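What follows is a short report on a single structure.
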Amino acid sequence: MQMTGLKFLLLHLEKLPVLVGVDMWMKRFSIPPRFRSAVIDQMGMTLVVMVVLSPLLVYDVYQTVQHGSPPADNLWTMIYVSFGFSIYINKDAFNGRSIGKRICGLQIVDRKTNEVASSLKCMVRNITFLVWPLEVIILLVTRNRRLGDFIMNTEIVQYSHMTNVKFSWLQFASSIIIGTVLLFFIFKLEIL
């Protein structure tokens, strides 16, 4: 059976010793799975975004050395950076499970249908990271749901091998594109 690039990446990232080690270390202190998952996601997705955005950094350094000053922001740079952060907000788009959720045995489900949340639902749920202080306050008050969960009517549950879970590449690609466009306008208009 041939493995797609994304599936291969997810399977290997969830076995990355540093991420698994962080989870084991936090388990010793009885830290709840949802918090462990968030910490692991921050570490794992930071690595992924750094890898994706590294060519831009190399290009900027090259341009600075060649011209004596950093290149001016341009349309393609903004689109590329928006794409990098779109990957971050789409961390749960692969069957409602990010790297951290895979390690901690969690999954995002739609509260109404109790089925795996769609890629688009997960993306919109995660865009609220832009107002993370509010997210933290809501999570501390509710103990189990954050702002994105309330907006998209989702929740995090223990992972179970749900039957009939079909991954849609079209929906995944759509959520990456929509996320890129949305973040481009947020960054371009300097909304936050």
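Identifiers for the structure tokens are assigned positionally: chains receive A, B, ... in sequence, residues are indexed from 1 per chain, and ligands are indexed from 1 in the order shown.
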
For this session: Determine which residues of segment 142-182 of chain A DSSP labels as strand (DSSP E or B) from the backbone of this structure, then write them out as a ChimeraX atom specification.
Result: /A:154-158

For those residues, write C-alpha atoms to a file as a short mmCIF file (atom, residue, chain, number, x, y, z; two decimals), in the first residue's frame.
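Just written: out02.cif:
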```
data_model
loop_
_atom_site.label_atom_id
_atom_site.label_comp_id
_atom_site.auth_asym_id
_atom_site.auth_seq_id
_atom_site.Cartn_x
_atom_site.Cartn_y
_atom_site.Cartn_z
CA THR A 154 -16.90 20.92 18.03
CA GLU A 155 -15.25 19.17 20.92
CA ILE A 156 -12.18 17.07 21.58
CA VAL A 157 -12.83 13.46 22.54
CA GLN A 158 -10.82 10.28 23.00
#
```

For this session: Name the residues in contact with Arg143 of chain A at a cut-off of 12 Å, using only C-alpha atoms, excluding same-chain residues fewer than 5 positions from it; report them as a ChimeraX atom specification.
Result: /A:32,34-35,135-138,149,155-156

For this session: Excluding segment 168-179 of chain A and any residue of its chain fewer than 4 positions from it, enumerate the residues within 9 Å of it, using only C-alpha atoms, and give them as a list in words.
Result: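 Residues near the query, excluding close chain neighbours: Ser82, Phe83, Phe85, Ser86, Ile87, Ile89, Asn90, Ala93, Phe94, Ser118, Ser119, Leu120, Lys121, Cys122, Met123, Val124, Ile127, Leu183 and Phe184 of chain A.
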
Problem set entry | DSSP alpha helix (DSSP H) residues within chain A, as a ChimeraX atom specification | /A:5-13,17-28,33-67,75-89,99-104,119-127,132-142,147-152,169-188

Exercise. Between A:Arg36, A:Met152, A:Asp41, A:Val81, which has the minimum distance to Ser54 of chain A (counting only C-alpha atoms)?
Worked result: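 Ranking A:Arg36, A:Met152, A:Asp41, A:Val81 by distance to Ser54 of chain A, first place goes to A:Val81.
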
Problem set entry | Atom-to-atom span, atom CA of Gln42 of chain A and atom CA of Thr180 of chain A, Å | 19.2 Å

Exercise. Which residue out of A:Gly105, A:Gly44, A:Pro55, A:Gly68 has the minimum interatomic distance to Tyr88 of chain A when only C-alpha atoms are used?
Worked result: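 Checking each of A:Gly105, A:Gly44, A:Pro55, A:Gly68 against Tyr88 of chain A, counting only C-alpha atoms, the winner is A:Gly44.
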
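Nearest to Val52 of chain A of all the residues A:Phe185, A:Phe167, A:Tyr80, A:Phe129 is A:Tyr80, counting only C-alpha atoms.
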
For this session: Point out the residue among A:Leu182, A:Val109, A:Lys188, A:Val116 with the least atom-to-atom distance to Asn74 of chain A, counting only C-alpha atoms.
Result: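 When distances to Asn74 of chain A are compared using only C-alpha atoms, the smallest one comes from A:Lys188.
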
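Closest approach to Lys101 of chain A among A:Phe187, A:Leu16, A:Tyr159, A:Met26: A:Tyr159, based on only C-alpha atoms.
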
Problem set entry | Nearest to Val20 of chain A by atom-to-atom distance, counting only C-alpha atoms, from A:His67, A:Arg97, A:Thr46, A:Arg102 |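 Among the listed residues, the smallest separation from Val20 of chain A belongs to A:Arg102.
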
For this session: Just the residues within 12 Å of Pro17 of chain A, please, counting only C-alpha atoms, with nothing from its chain fewer than 6 positions along; format it as a VMD selection string.
Result: chain A and resid 23 to 25 40 44 103

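If you look at atom CA of Arg111 of chain A and atom CA of Asn153 of chain A, they are 5.8 Å away from each other.
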